[in-house]
file my_file28.pdb (PDB, C-alpha atoms)
ATOM      1  CA  MET A   1     174.255 175.052  39.999
ATOM      2  CA  PRO A   2     174.401 175.158  43.821
ATOM      3  CA  ILE A   3     174.803 178.945  43.611
ATOM      4  CA  VAL A   4     171.666 179.202  41.471
ATOM      5  CA  ARG A   5     169.743 177.126  44.001
ATOM      6  CA  ARG A   6     170.964 179.268  46.864
ATOM      7  CA  VAL A   7     170.008 182.460  45.072
ATOM      8  CA  ALA A   8     166.582 181.025  44.244
ATOM      9  CA  LEU A   9     166.085 179.918  47.833
ATOM     10  CA  LEU A  10     167.200 183.304  49.159
ATOM     11  CA  LEU A  11     164.844 185.058  46.771
ATOM     12  CA  LEU A  12     161.965 182.809  47.804
ATOM     13  CA  LEU A  13     162.626 183.394  51.506
ATOM     14  CA  SER A  14     162.917 187.140  50.920
ATOM     15  CA  LEU A  15     159.578 187.223  49.122
ATOM     16  CA  TYR A  16     157.916 185.186  51.849
ATOM     17  CA  THR A  17     159.392 187.426  54.557
ATOM     18  CA  ALA A  18     158.178 190.544  52.769
ATOM     19  CA  PHE A  19     154.734 188.994  52.334
ATOM     20  CA  ALA A  20     154.518 187.956  56.014
ATOM     21  CA  ALA A  21     156.066 191.082  57.543
ATOM     22  CA  GLY A  22     154.535 193.601  55.143
ATOM     23  CA  PRO A  23     151.195 194.072  56.956
ATOM     24  CA  PHE A  24     152.948 194.377  60.309
ATOM     25  CA  VAL A  25     155.395 197.012  59.013
ATOM     26  CA  TRP A  26     152.539 198.928  57.415
ATOM     27  CA  ALA A  27     150.530 198.882  60.660
ATOM     28  CA  ALA A  28     153.621 199.982  62.614
ATOM     29  CA  ILE A  29     154.125 202.937  60.268
ATOM     30  CA  MET A  30     150.460 203.938  60.463
ATOM     31  CA  SER A  31     150.534 203.729  64.260
ATOM     32  CA  VAL A  32     152.804 206.792  64.426
ATOM     33  CA  ARG A  33     150.924 208.766  61.747
ATOM     34  CA  THR A  34     147.688 210.687  62.084
ATOM     35  CA  THR A  35     144.580 209.763  60.157
ATOM     36  CA  THR A  36     144.897 212.930  58.073
ATOM     37  CA  GLU A  37     148.423 211.965  57.028
ATOM     38  CA  ILE A  38     147.325 208.416  56.217
ATOM     39  CA  MET A  39     144.428 209.589  54.059
ATOM     40  CA  ALA A  40     146.738 211.936  52.167
ATOM     41  CA  ASP A  41     149.121 209.079  51.300
ATOM     42  CA  HIS A  42     148.448 205.564  52.588
ATOM     43  CA  PHE A  43     151.950 204.202  52.020
ATOM     44  CA  ALA A  44     154.156 207.206  52.795
ATOM     45  CA  LEU A  45     156.767 207.120  55.530
ATOM     46  CA  PRO A  46     156.034 209.332  58.554
ATOM     47  CA  LYS A  47     157.542 212.791  58.365
ATOM     48  CA  VAL A  48     156.780 213.334  62.049
ATOM     49  CA  PHE A  49     156.556 210.426  64.490
ATOM     50  CA  HIS A  50     153.458 210.939  66.648
ATOM     51  CA  TRP A  51     154.516 208.892  69.679
ATOM     52  CA  GLU A  52     151.928 210.730  71.781
ATOM     53  CA  LYS A  53     149.258 208.539  70.190
ATOM     54  CA  PHE A  54     150.302 205.577  72.339
ATOM     55  CA  PRO A  55     149.643 207.152  75.773
ATOM     56  CA  LEU A  56     146.518 208.718  74.281
ATOM     57  CA  ALA A  57     145.175 205.306  73.262
ATOM     58  CA  TRP A  58     146.386 203.722  76.508
ATOM     59  CA  PHE A  59     144.633 206.095  78.897
ATOM     60  CA  ASN A  60     141.842 207.784  76.931
ATOM     61  CA  SER A  61     140.558 204.689  75.148
ATOM     62  CA  ASN A  62     140.639 202.349  78.168
ATOM     63  CA  TYR A  63     143.416 200.232  76.674
ATOM     64  CA  ASN A  64     145.135 200.030  80.064
ATOM     65  CA  VAL A  65     142.119 198.114  81.422
ATOM     66  CA  TYR A  66     141.881 195.844  78.376
ATOM     67  CA  PHE A  67     145.606 195.131  78.435
ATOM     68  CA  THR A  68     145.576 194.321  82.161
ATOM     69  CA  ASN A  69     142.592 192.000  81.761
ATOM     70  CA  SER A  70     144.248 190.141  78.883
ATOM     71  CA  ALA A  71     147.529 189.851  80.780
ATOM     72  CA  VAL A  72     145.882 188.469  83.928
ATOM     73  CA  ILE A  73     143.605 186.030  82.083
ATOM     74  CA  VAL A  74     146.147 184.763  79.559
ATOM     75  CA  VAL A  75     149.111 184.451  81.945
ATOM     76  CA  THR A  76     146.966 182.615  84.511
ATOM     77  CA  ALA A  77     145.474 180.304  81.885
ATOM     78  CA  VAL A  78     148.861 179.528  80.327
ATOM     79  CA  ALA A  79     150.382 178.775  83.740
ATOM     80  CA  ILE A  80     147.556 176.377  84.649
ATOM     81  CA  VAL A  81     147.546 174.728  81.222
ATOM     82  CA  THR A  82     151.313 174.243  81.311
ATOM     83  CA  LEU A  83     151.376 172.706  84.774
ATOM     84  CA  VAL A  84     148.302 170.492  84.438
ATOM     85  CA  GLY A  85     149.135 169.574  80.848
ATOM     86  CA  ALA A  86     152.690 168.542  81.772
ATOM     87  CA  MET A  87     151.440 166.365  84.624
ATOM     88  CA  ALA A  88     148.778 164.715  82.478
ATOM     89  CA  ALA A  89     151.162 164.182  79.570
ATOM     90  CA  HIS A  90     153.793 162.648  81.861
ATOM     91  CA  CYS A  91     151.195 160.300  83.313
ATOM     92  CA  LEU A  92     149.842 159.203  79.923
ATOM     93  CA  ALA A  93     153.341 158.751  78.460
ATOM     94  CA  ARG A  94     155.121 156.961  81.305
ATOM     95  CA  TYR A  95     152.475 154.870  83.077
ATOM     96  CA  ARG A  96     150.435 152.014  81.669
ATOM     97  CA  PHE A  97     146.936 151.599  83.062
ATOM     98  CA  ARG A  98     143.502 150.663  81.812
ATOM     99  CA  LEU A  99     141.911 153.183  79.445
ATOM    100  CA  ASN A 100     145.229 154.998  79.033
ATOM    101  CA  ARG A 101     144.943 155.185  75.253
ATOM    102  CA  VAL A 102     141.197 155.772  75.434
ATOM    103  CA  ILE A 103     141.716 158.870  77.574
ATOM    104  CA  TYR A 104     144.485 160.037  75.258
ATOM    105  CA  PHE A 105     142.386 159.679  72.105
ATOM    106  CA  VAL A 106     139.359 161.321  73.740
ATOM    107  CA  LEU A 107     141.535 164.321  74.605
ATOM    108  CA  PHE A 108     143.078 164.317  71.153
ATOM    109  CA  SER A 109     139.677 164.127  69.436
ATOM    110  CA  THR A 110     138.576 167.398  71.062
ATOM    111  CA  ILE A 111     141.240 169.259  69.072
ATOM    112  CA  ILE A 112     139.378 168.675  65.798
ATOM    113  CA  PHE A 113     136.071 170.134  67.049
ATOM    114  CA  PRO A 114     135.419 173.703  65.853
ATOM    115  CA  PRO A 115     134.819 176.167  68.717
ATOM    116  CA  GLN A 116     131.318 176.970  67.437
ATOM    117  CA  ILE A 117     130.191 173.510  68.584
ATOM    118  CA  THR A 118     131.121 174.066  72.244
ATOM    119  CA  ILE A 119     130.434 177.771  72.662
ATOM    120  CA  ILE A 120     126.716 177.378  73.504
ATOM    121  CA  SER A 121     127.378 174.631  76.064
ATOM    122  CA  LEU A 122     130.139 176.671  77.693
ATOM    123  CA  PHE A 123     127.839 179.683  77.821
ATOM    124  CA  GLN A 124     125.146 177.664  79.621
ATOM    125  CA  ILE A 125     127.649 176.150  82.071
ATOM    126  CA  LEU A 126     129.138 179.515  82.988
ATOM    127  CA  VAL A 127     125.697 181.050  83.487
ATOM    128  CA  GLN A 128     124.638 178.109  85.669
ATOM    129  CA  TYR A 129     127.667 178.428  87.952
ATOM    130  CA  GLY A 130     127.705 182.217  88.073
ATOM    131  CA  LEU A 131     130.921 182.531  86.063
ATOM    132  CA  TYR A 132     129.477 184.233  83.008
ATOM    133  CA  ASN A 133     130.908 187.669  82.288
ATOM    134  CA  SER A 134     133.840 187.138  84.654
ATOM    135  CA  LYS A 135     137.591 186.897  84.222
ATOM    136  CA  LEU A 136     137.640 183.635  86.189
ATOM    137  CA  GLY A 137     135.095 182.037  83.869
ATOM    138  CA  LEU A 138     136.999 183.054  80.741
ATOM    139  CA  THR A 139     140.252 181.823  82.276
ATOM    140  CA  LEU A 140     138.749 178.384  82.936
ATOM    141  CA  VAL A 141     137.411 178.243  79.376
ATOM    142  CA  TYR A 142     140.851 179.078  78.005
ATOM    143  CA  VAL A 143     142.362 176.324  80.135
ATOM    144  CA  ALA A 144     139.815 173.829  78.842
ATOM    145  CA  ILE A 145     140.251 174.644  75.155
ATOM    146  CA  GLN A 146     144.079 174.639  75.211
ATOM    147  CA  LEU A 147     144.669 171.666  77.509
ATOM    148  CA  PRO A 148     144.165 168.914  74.855
ATOM    149  CA  LEU A 149     146.682 170.472  72.461
ATOM    150  CA  THR A 150     149.211 170.934  75.264
ATOM    151  CA  ILE A 151     148.866 167.304  76.380
ATOM    152  CA  TYR A 152     149.155 166.114  72.781
ATOM    153  CA  ILE A 153     152.429 167.993  72.228
ATOM    154  CA  LEU A 154     154.012 167.107  75.578
ATOM    155  CA  GLU A 155     152.929 163.457  75.645
ATOM    156  CA  SER A 156     154.963 162.615  72.564
ATOM    157  CA  PHE A 157     157.989 164.351  74.058
ATOM    158  CA  PHE A 158     157.738 162.606  77.444
ATOM    159  CA  ALA A 159     157.344 159.253  75.670
ATOM    160  CA  ARG A 160     160.774 159.715  74.030
ATOM    161  CA  ILE A 161     162.641 160.167  77.313
ATOM    162  CA  PRO A 162     164.703 156.989  77.934
ATOM    163  CA  SER A 163     163.161 154.688  80.537
ATOM    164  CA  ASP A 164     166.613 154.023  82.024
ATOM    165  CA  LEU A 165     166.609 157.558  83.361
ATOM    166  CA  PHE A 166     163.492 156.877  85.414
ATOM    167  CA  ASP A 167     164.697 153.452  86.540
ATOM    168  CA  ALA A 168     167.930 154.980  87.826
ATOM    169  CA  ALA A 169     165.954 157.628  89.702
ATOM    170  CA  ARG A 170     163.782 154.971  91.375
ATOM    171  CA  MET A 171     166.914 153.070  92.401
ATOM    172  CA  ASP A 172     168.176 156.288  93.996
ATOM    173  CA  GLY A 173     165.000 156.442  96.087
ATOM    174  CA  TYR A 174     163.074 159.105  94.150
ATOM    175  CA  SER A 175     159.314 159.007  94.507
ATOM    176  CA  GLU A 176     157.107 159.310  91.417
ATOM    177  CA  TRP A 177     156.360 162.907  92.371
ATOM    178  CA  GLU A 178     160.066 163.713  92.646
ATOM    179  CA  ILE A 179     160.765 161.995  89.311
ATOM    180  CA  PHE A 180     158.321 164.335  87.599
ATOM    181  CA  TRP A 181     159.663 167.528  89.188
ATOM    182  CA  ARG A 182     163.386 166.712  89.146
ATOM    183  CA  ILE A 183     163.728 164.716  85.922
ATOM    184  CA  SER A 184     160.783 164.893  83.533
ATOM    185  CA  LEU A 185     160.043 168.594  83.892
ATOM    186  CA  PRO A 186     163.642 169.862  83.458
ATOM    187  CA  VAL A 187     164.277 167.539  80.496
ATOM    188  CA  ALA A 188     161.054 168.654  78.818
ATOM    189  CA  LEU A 189     161.692 172.402  79.155
ATOM    190  CA  PRO A 190     162.187 172.948  75.384
ATOM    191  CA  ALA A 191     158.842 171.296  74.610
ATOM    192  CA  ILE A 192     157.172 173.132  77.489
ATOM    193  CA  ALA A 193     158.536 176.434  76.182
ATOM    194  CA  THR A 194     156.992 175.592  72.804
ATOM    195  CA  THR A 195     153.556 175.051  74.342
ATOM    196  CA  VAL A 196     153.886 178.230  76.412
ATOM    197  CA  ILE A 197     154.550 180.319  73.286
ATOM    198  CA  LEU A 198     151.795 178.678  71.239
ATOM    199  CA  ASN A 199     149.224 178.955  74.022
ATOM    200  CA  PHE A 200     150.154 182.559  74.793
ATOM    201  CA  ILE A 201     149.854 183.664  71.167
ATOM    202  CA  LEU A 202     146.583 181.793  70.592
ATOM    203  CA  LEU A 203     144.938 183.027  73.799
ATOM    204  CA  TRP A 204     146.248 186.578  73.547
ATOM    205  CA  ASN A 205     144.559 186.924  70.151
ATOM    206  CA  GLU A 206     141.454 184.843  71.019
ATOM    207  CA  PHE A 207     138.214 186.615  70.145
ATOM    208  CA  LEU A 208     135.276 184.205  69.719
ATOM    209  CA  TYR A 209     134.969 182.916  73.292
ATOM    210  CA  ALA A 210     135.695 186.343  74.749
ATOM    211  CA  VAL A 211     133.062 188.154  72.694
ATOM    212  CA  VAL A 212     130.391 185.613  73.682
ATOM    213  CA  LEU A 213     131.328 185.161  77.345
ATOM    214  CA  ILE A 214     132.302 188.738  78.261
ATOM    215  CA  THR A 215     130.003 191.766  77.981
ATOM    216  CA  ASP A 216     131.045 193.910  80.939
ATOM    217  CA  GLU A 217     133.315 196.789  79.941
ATOM    218  CA  ALA A 218     135.525 196.269  83.001
ATOM    219  CA  ASN A 219     136.251 192.635  82.022
ATOM    220  CA  ARG A 220     136.910 193.100  78.305
ATOM    221  CA  THR A 221     140.120 191.675  76.885
ATOM    222  CA  LEU A 222     142.354 193.445  74.386
ATOM    223  CA  PRO A 223     140.805 191.936  71.202
ATOM    224  CA  LEU A 224     137.373 193.032  72.446
ATOM    225  CA  GLY A 225     138.748 196.483  73.218
ATOM    226  CA  ILE A 226     140.110 196.813  69.688
ATOM    227  CA  GLN A 227     136.781 195.669  68.245
ATOM    228  CA  ARG A 228     134.919 198.213  70.381
ATOM    229  CA  PHE A 229     137.384 200.927  69.438
ATOM    230  CA  MET A 230     136.899 200.162  65.740
ATOM    231  CA  GLY A 231     133.147 200.374  66.210
ATOM    232  CA  ASP A 232     133.323 203.702  68.020
ATOM    233  CA  GLN A 233     136.006 205.345  65.897
ATOM    234  CA  LEU A 234     136.013 203.518  62.592
ATOM    235  CA  GLU A 235     137.136 206.630  60.722
ATOM    236  CA  ASP A 236     140.180 207.166  62.969
ATOM    237  CA  VAL A 237     142.455 204.739  61.114
ATOM    238  CA  GLY A 238     145.592 206.085  62.781
ATOM    239  CA  MET A 239     144.360 205.360  66.303
ATOM    240  CA  ILE A 240     143.128 201.919  65.274
ATOM    241  CA  ALA A 241     146.654 201.124  64.038
ATOM    242  CA  THR A 242     148.068 202.403  67.334
ATOM    243  CA  GLY A 243     145.743 200.086  69.245
ATOM    244  CA  LEU A 244     146.771 197.154  67.072
ATOM    245  CA  MET A 245     150.443 197.815  67.818
ATOM    246  CA  ILE A 246     149.721 197.861  71.560
ATOM    247  CA  ALA A 247     148.188 194.403  71.155
ATOM    248  CA  ILE A 248     150.989 193.063  68.924
ATOM    249  CA  ILE A 249     154.001 194.212  70.971
ATOM    250  CA  PRO A 250     153.597 191.629  73.830
ATOM    251  CA  VAL A 251     153.486 188.774  71.304
ATOM    252  CA  ILE A 252     156.690 190.018  69.677
ATOM    253  CA  VAL A 253     158.407 190.329  73.061
ATOM    254  CA  VAL A 254     157.409 186.804  74.126
ATOM    255  CA  TYR A 255     158.559 185.321  70.833
ATOM    256  CA  ALA A 256     161.851 187.247  70.946
ATOM    257  CA  PHE A 257     162.685 185.867  74.392
ATOM    258  CA  PHE A 258     161.548 182.284  73.780
ATOM    259  CA  SER A 259     162.216 181.785  70.054
ATOM    260  CA  GLU A 260     165.343 179.728  70.732
ATOM    261  CA  LYS A 261     163.424 177.438  73.091
ATOM    262  CA  LEU A 262     160.662 177.190  70.494
ATOM    263  CA  ILE A 263     163.104 175.940  67.864
ATOM    264  CA  GLN A 264     164.634 173.488  70.359
ATOM    265  CA  GLY A 265     161.210 172.149  71.243
ATOM    266  CA  MET A 266     160.149 171.751  67.612
ATOM    267  CA  THR A 267     163.352 169.891  66.709
ATOM    268  CA  ALA A 268     163.577 167.844  69.920
ATOM    269  CA  GLY A 269     163.850 164.177  69.127
ATOM    270  CA  ALA A 270     164.669 164.758  65.464
ATOM    271  CA  VAL A 271     168.296 163.801  66.071
ATOM    272  CA  LYS A 272     169.249 161.105  68.573
TER
END

call {"tool": "encode", "arguments": {"input": "my_file28.pdb", "output": "structure tokens"}}
result
Amino acid sequence: MPIVRRVALLLLLSLYTAFAAGPFVWAAIMSVRTTTEIMADHFALPKVFHWEKFPLAWFNSNYNVYFTNSAVIVVTAVAIVTLVGAMAAHCLARYRFRLNRVIYFVLFSTIIFPPQITIISLFQILVQYGLYNSKLGLTLVYVAIQLPLTIYILESFFARIPSDLFDAARMDGYSEWEIFWRISLPVALPAIATTVILNFILLWNEFLYAVVLITDEANRTLPLGIQRFMGDQLEDVGMIATGLMIAIIPVIVVYAFFSEKLIQGMTAGAVK
């Protein structure tokens, strides 16, 4: 009976993996085939790998600009969110003061709001302060929308750190600032790595705020570049697949390097 269960579980996982990875594998295959080859047989394996399509999309379709904009905006936003979110979460988890839980629940409540509710207000604020259609403005918006989720994840982790650890640090003469940098932050690295991965993936693929707040070609992010490319060359399926792979590769690289930390952060506190 255990063998039957294992086989059933293996079969279920195999089916799920095929279902989840199938579209990605198909897009990867199409990215090295021409549109003519794809139209002749949508699901055939490439007879000739057209690697030249990647530099063609990178330079001729302005993907180098889109990629650079996304990298600058997302990396900056993730760095700010991680640092500010860790500080705020540490403060809410370790210190008791008036309105502590009120502030926490106000931040938490913003997670449930759909982005369509805030997009008009953000648009008006950015226009008022001269940040509309700028990379700085979009970066600040990304920080604002991802900060509540980051605080929510990290606060629960910081709250589980034993208080004796902080008491011992105070007895050794550590200031509150030193306690955060030398104790809380290193201990919370698995959880921080989890938020870094989640925020990077969500912001790298973010489209709604970018399409509303960015119109200048020089400031477009990668999702906007792909959308523009699809509008200009909708019939060139092969090049669209190549552009999609350019956008997907950074996410795969980040996950490959931090997947172990992600698992550690998700299981942290499950076993004492």

call {"tool": "closest_residue", "arguments": {"input": "my_file28.pdb", "among": "A:Ile179, A:Val75, A:Ile151, A:Leu131", "to": "Phe105 in chain A", "atoms": "all atoms listed in the file"}}
result
A:Ile151

call {"tool": "residues_near_point", "arguments": {"input": "my_file28.pdb", "point": "(141.8, 168.0, 71.7)", "cutoff": "8 Å", "atoms": "only C-alpha atoms", "output": "ChimeraX atom specification"}}
result
/A:106-113,145-149,152

call {"tool": "residues_around", "arguments": {"input": "my_file28.pdb", "residues": "range 19-27 of chain A", "least_positions_apart": "6", "cutoff": "12 Å", "atoms": "all atoms listed in the file", "output": "MDAnalysis selection string"}}
result
chainID A and resid 12:13 33 38 42:46 237:249 252

call {"tool": "closest_residue", "arguments": {"input": "my_file28.pdb", "among": "A:Ala88, A:Ala218, A:Val253, A:Leu224", "to": "Glu206 in chain A", "atoms": "only C-alpha atoms"}}
result
A:Leu224

call {"tool": "closest_residue", "arguments": {"input": "my_file28.pdb", "among": "A:Asp236, A:Ser134, A:Ala79, A:Phe54", "to": "Thr35 in chain A", "atoms": "all atoms listed in the file"}}
result
A:Asp236

call {"tool": "closest_residue", "arguments": {"input": "my_file28.pdb", "among": "A:Ile201, A:Ile192, A:Val212, A:Val143", "to": "Tyr255 in chain A", "atoms": "only C-alpha atoms"}}
result
A:Ile201

call {"tool": "residues_around", "arguments": {"input": "my_file28.pdb", "residues": "Val187 in chain A", "least_positions_apart": "3", "cutoff": "12 Å", "atoms": "all atoms listed in the file", "output": "list of chain:residue names"}}
result
A:Ala86, A:His90, A:Leu154, A:Phe157, A:Phe158, A:Ala159, A:Arg160, A:Ile161, A:Pro162, A:Leu165, A:Phe166, A:Ile179, A:Phe180, A:Trp181, A:Arg182, A:Ile183, A:Ser184, A:Pro190, A:Ala191, A:Ile192, A:Ala193, A:Gln264, A:Gly265, A:Ala268, A:Gly269

call {"tool": "write_last_selection", "arguments": {"input": "my_file28.pdb", "atoms": "C-alpha atoms", "output": "mmCIF file, keeping the file's coordinate frame"}}
result
data_model
loop_
_atom_site.group_PDB
_atom_site.id
_atom_site.type_symbol
_atom_site.label_atom_id
_atom_site.label_comp_id
_atom_site.auth_asym_id
_atom_site.auth_seq_id
_atom_site.Cartn_x
_atom_site.Cartn_y
_atom_site.Cartn_z
ATOM 1 C CA ALA A 86 152.690 168.542 81.772
ATOM 2 C CA HIS A 90 153.793 162.648 81.861
ATOM 3 C CA LEU A 154 154.012 167.107 75.578
ATOM 4 C CA PHE A 157 157.989 164.351 74.058
ATOM 5 C CA PHE A 158 157.738 162.606 77.444
ATOM 6 C CA ALA A 159 157.344 159.253 75.670
ATOM 7 C CA ARG A 160 160.774 159.715 74.030
ATOM 8 C CA ILE A 161 162.641 160.167 77.313
ATOM 9 C CA PRO A 162 164.703 156.989 77.934
ATOM 10 C CA LEU A 165 166.609 157.558 83.361
ATOM 11 C CA PHE A 166 163.492 156.877 85.414
ATOM 12 C CA ILE A 179 160.765 161.995 89.311
ATOM 13 C CA PHE A 180 158.321 164.335 87.599
ATOM 14 C CA TRP A 181 159.663 167.528 89.188
ATOM 15 C CA ARG A 182 163.386 166.712 89.146
ATOM 16 C CA ILE A 183 163.728 164.716 85.922
ATOM 17 C CA SER A 184 160.783 164.893 83.533
ATOM 18 C CA PRO A 190 162.187 172.948 75.384
ATOM 19 C CA ALA A 191 158.842 171.296 74.610
ATOM 20 C CA ILE A 192 157.172 173.132 77.489
ATOM 21 C CA ALA A 193 158.536 176.434 76.182
ATOM 22 C CA GLN A 264 164.634 173.488 70.359
ATOM 23 C CA GLY A 265 161.210 172.149 71.243
ATOM 24 C CA ALA A 268 163.577 167.844 69.920
ATOM 25 C CA GLY A 269 163.850 164.177 69.127
#

call {"tool": "closest_residue", "arguments": {"input": "my_file28.pdb", "among": "A:Lys47, A:Glu155, A:Pro250, A:Ile80", "to": "Asn100 in chain A", "atoms": "only C-alpha atoms"}}
result
A:Glu155

call {"tool": "closest_residue", "arguments": {"input": "my_file28.pdb", "among": "A:Thr195, A:Gln116, A:Asn69, A:Thr150", "to": "Tyr209 in chain A", "atoms": "all atoms listed in the file"}}
result
A:Gln116

call {"tool": "resolve_selection", "arguments": {"input": "my_file28.pdb", "expression": "the PyMOL selection byres ((chain A and resi 72) around 12)", "output": "PyMOL selection string"}}
result
chain A and resi 65-71+73-79+135-136+138-139+200+203-204+219-222

call {"tool": "atom_distance", "arguments": {"input": "my_file28.pdb", "atom1": "CA of Pro114 in chain A", "atom2": "CA of Leu213 in chain A"}}
result
16.7 Å

call {"tool": "atom_distance", "arguments": {"input": "my_file28.pdb", "atom1": "CA of Ile197 in chain A", "atom2": "CA of Ala256 in chain A"}}
result
10.3 Å

call {"tool": "atom_distance", "arguments": {"input": "my_file28.pdb", "atom1": "CA of Ile153 in chain A", "atom2": "CA of Val211 in chain A"}}
result
28.0 Å

call {"tool": "resolve_selection", "arguments": {"input": "my_file28.pdb", "expression": "the PyMOL selection byres ((chain A and resi 53) around 8)", "output": "PyMOL selection string"}}
result
chain A and resi 31-32+50-52+54-57+239+242
